[in-house]
file upload08.pdb (PDB, C-alpha atoms and all ligand atoms)
ATOM      1  CA  MET V   1     -53.682   6.308 -70.699  1.00  0.00           C
ATOM      2  CA  SER V   2     -50.085   6.873 -69.739  1.00  0.00           C
ATOM      3  CA  GLU V   3     -49.330   6.287 -66.127  1.00  0.00           C
ATOM      4  CA  PRO V   4     -45.846   6.754 -64.778  1.00  0.00           C
ATOM      5  CA  GLN V   5     -43.961   3.668 -63.752  1.00  0.00           C
ATOM      6  CA  VAL V   6     -44.378   3.163 -60.050  1.00  0.00           C
ATOM      7  CA  PHE V   7     -42.682   0.647 -57.876  1.00  0.00           C
ATOM      8  CA  PRO V   8     -45.007  -1.397 -55.783  1.00  0.00           C
ATOM      9  CA  GLU V   9     -44.742  -0.334 -52.187  1.00  0.00           C
ATOM     10  CA  ARG V  10     -45.276  -2.760 -49.410  1.00  0.00           C
ATOM     11  CA  ILE V  11     -45.744  -2.057 -45.744  1.00  0.00           C
ATOM     12  CA  VAL V  12     -43.643  -4.323 -43.609  1.00  0.00           C
ATOM     13  CA  ARG V  13     -42.957  -4.416 -39.919  1.00  0.00           C
ATOM     14  CA  CYS V  14     -39.782  -2.680 -38.875  1.00  0.00           C
ATOM     15  CA  PRO V  15     -37.513  -5.281 -37.234  1.00  0.00           C
ATOM     16  CA  ALA V  16     -36.271  -2.728 -34.726  1.00  0.00           C
ATOM     17  CA  CYS V  17     -39.361  -0.940 -33.449  1.00  0.00           C
ATOM     18  CA  GLY V  18     -42.162  -3.091 -34.856  1.00  0.00           C
ATOM     19  CA  LYS V  19     -43.932  -0.199 -36.498  1.00  0.00           C
ATOM     20  CA  ASP V  20     -44.979   0.054 -40.118  1.00  0.00           C
ATOM     21  CA  SER V  21     -42.134   0.509 -42.530  1.00  0.00           C
ATOM     22  CA  VAL V  22     -42.334   1.300 -46.220  1.00  0.00           C
ATOM     23  CA  TYR V  23     -40.527  -1.396 -48.133  1.00  0.00           C
ATOM     24  CA  ALA V  24     -39.793   0.493 -51.324  1.00  0.00           C
ATOM     25  CA  PRO V  25     -36.844   1.983 -53.217  1.00  0.00           C
ATOM     26  CA  ARG V  26     -37.598   5.364 -51.675  1.00  0.00           C
ATOM     27  CA  ASN V  27     -36.860   3.957 -48.273  1.00  0.00           C
ATOM     28  CA  PRO V  28     -33.091   3.371 -48.176  1.00  0.00           C
ATOM     29  CA  TYR V  29     -33.353   1.911 -44.681  1.00  0.00           C
ATOM     30  CA  ARG V  30     -35.702  -0.916 -45.581  1.00  0.00           C
ATOM     31  CA  PRO V  31     -36.755  -3.124 -44.060  1.00  0.00           C
ATOM     32  CA  PHE V  32     -36.273  -0.667 -41.232  1.00  0.00           C
ATOM     33  CA  CYS V  33     -38.469   2.406 -40.961  1.00  0.00           C
ATOM     34  CA  SER V  34     -35.654   4.855 -40.393  1.00  0.00           C
ATOM     35  CA  ALA V  35     -31.912   5.283 -40.118  1.00  0.00           C
ATOM     36  CA  ARG V  36     -32.268   5.291 -36.375  1.00  0.00           C
ATOM     37  CA  CYS V  37     -33.871   1.864 -36.308  1.00  0.00           C
ATOM     38  CA  LYS V  38     -31.257   0.534 -38.676  1.00  0.00           C
ATOM     39  CA  GLY V  39     -28.524   1.895 -36.448  1.00  0.00           C
ATOM     40  CA  ILE V  40     -30.104   0.382 -33.356  1.00  0.00           C
ATOM     41  CA  ASP V  41     -30.165  -3.038 -34.952  1.00  0.00           C
ATOM     42  CA  LEU V  42     -26.563  -2.833 -36.056  1.00  0.00           C
ATOM     43  CA  GLY V  43     -25.537  -1.549 -32.653  1.00  0.00           C
ATOM     44  CA  ALA V  44     -27.218  -4.417 -30.879  1.00  0.00           C
ATOM     45  CA  TRP V  45     -25.506  -6.890 -33.127  1.00  0.00           C
ATOM     46  CA  ALA V  46     -22.130  -5.258 -32.591  1.00  0.00           C
ATOM     47  CA  SER V  47     -22.412  -4.985 -28.826  1.00  0.00           C
ATOM     48  CA  GLU V  48     -23.446  -8.616 -28.541  1.00  0.00           C
ATOM     49  CA  ASN V  49     -20.608  -9.664 -30.797  1.00  0.00           C
ATOM     50  CA  PHE V  50     -17.960  -7.704 -28.977  1.00  0.00           C
ATOM     51  CA  ARG V  51     -19.163  -8.232 -25.448  1.00  0.00           C
ATOM     52  CA  VAL V  52     -16.473  -9.720 -23.274  1.00  0.00           C
ATOM     53  CA  PRO V  53     -17.625 -11.269 -20.030  1.00  0.00           C
ATOM     54  CA  THR V  54     -15.698  -9.892 -17.116  1.00  0.00           C
ATOM     55  CA  GLU V  55     -15.749 -11.686 -13.791  1.00  0.00           C
ATOM     56  CA  ALA V  56     -14.513  -8.746 -11.758  1.00  0.00           C
ATOM     57  CA  PRO V  57     -14.348  -4.996 -12.293  1.00  0.00           C
ATOM     58  CA  PRO V  58     -10.872  -4.084 -13.508  1.00  0.00           C
ATOM     59  CA  ASP V  59     -10.340  -1.225 -11.111  1.00  0.00           C
ATOM     60  CA  GLU V  60     -11.112  -3.246  -7.993  1.00  0.00           C
ATOM     61  CA  ALA V  61      -8.417  -5.693  -7.080  1.00  0.00           C
ATOM     62  CA  PRO V  62      -9.936  -8.536  -5.050  1.00  0.00           C
ATOM     63  CA  PHE V  63      -6.571  -9.885  -4.003  1.00  0.00           C
ATOM     64  CA  ASP V  64      -4.715  -8.849  -0.871  1.00  0.00           C
ATOM     65  CA  ASP V  65      -7.900  -7.745   0.871  1.00  0.00           C
ATOM     66  CA  PRO V  66      -7.658  -8.451   4.620  1.00  0.00           C
ATOM     67  CA  LYS V  67     -11.453  -8.368   4.992  1.00  0.00           C
ATOM     68  CA  LEU V  68     -11.782 -11.489   2.849  1.00  0.00           C
ATOM     69  CA  GLN V  69      -9.381 -13.546   4.938  1.00  0.00           C
TER
HETATM   70 ZN    ZN V 101     -38.447   1.318 -36.808  1.00  0.00          ZN
END
call {"tool": "encode", "arguments": {"input": "upload08.pdb", "output": "structure tokens"}}
result
Amino acid sequence: MSEPQVFPERIVRCPACGKDSVYAPRNPYRPFCSARCKGIDLGAWASENFRVPTEAPPDEAPFDDPKLQ
């Protein structure tokens, strides 16, 4: 009996989409199910990190408006 060495594969939940994801060496995006899900997670992290709260739109100057006075 000579079976090839196999890595144990586990099915985990993808943190991005919540679907089944193969947690194994053949899945380079683990614990995500795909590159897309991995990218989505990184994008969400980046956008939250770099978000700058703006009080007013930059191309609308609220000052010197006669309607507000
Ligand atoms: Zn996914």
call {"tool": "closest_atom_pairs", "arguments": {"input": "upload08.pdb", "of": "chain V", "to": "ligand ZN 101 (chain V)", "cutoff": "7 Å", "atoms": "only C-alpha atoms and all ligand atoms", "output": "tab-separated table"}}
result
residue	atom	partner	partner_atom	distance
V:Cys14	CA	V:ZN101	ZN	4.7
V:Pro15	CA	V:ZN101	ZN	6.7
V:Ala16	CA	V:ZN101	ZN	5.0
V:Cys17	CA	V:ZN101	ZN	4.1
V:Gly18	CA	V:ZN101	ZN	6.1
V:Lys19	CA	V:ZN101	ZN	5.7
V:Ser21	CA	V:ZN101	ZN	6.9
V:Phe32	CA	V:ZN101	ZN	5.3
V:Cys33	CA	V:ZN101	ZN	4.3
V:Ser34	CA	V:ZN101	ZN	5.8
V:Cys37	CA	V:ZN101	ZN	4.6
call {"tool": "atom_distance", "arguments": {"input": "upload08.pdb", "atom1": "CA of Glu9 in chain V", "atom2": "CA of Arg30 in chain V"}}
result
11.2 Å
call {"tool": "atom_distance", "arguments": {"input": "upload08.pdb", "atom1": "CA of Ile11 in chain V", "atom2": "CA of Tyr29 in chain V"}}
result
13.1 Å
call {"tool": "atom_distance", "arguments": {"input": "upload08.pdb", "atom1": "CA of Arg10 in chain V", "atom2": "CA of Pro28 in chain V"}}
result
13.7 Å
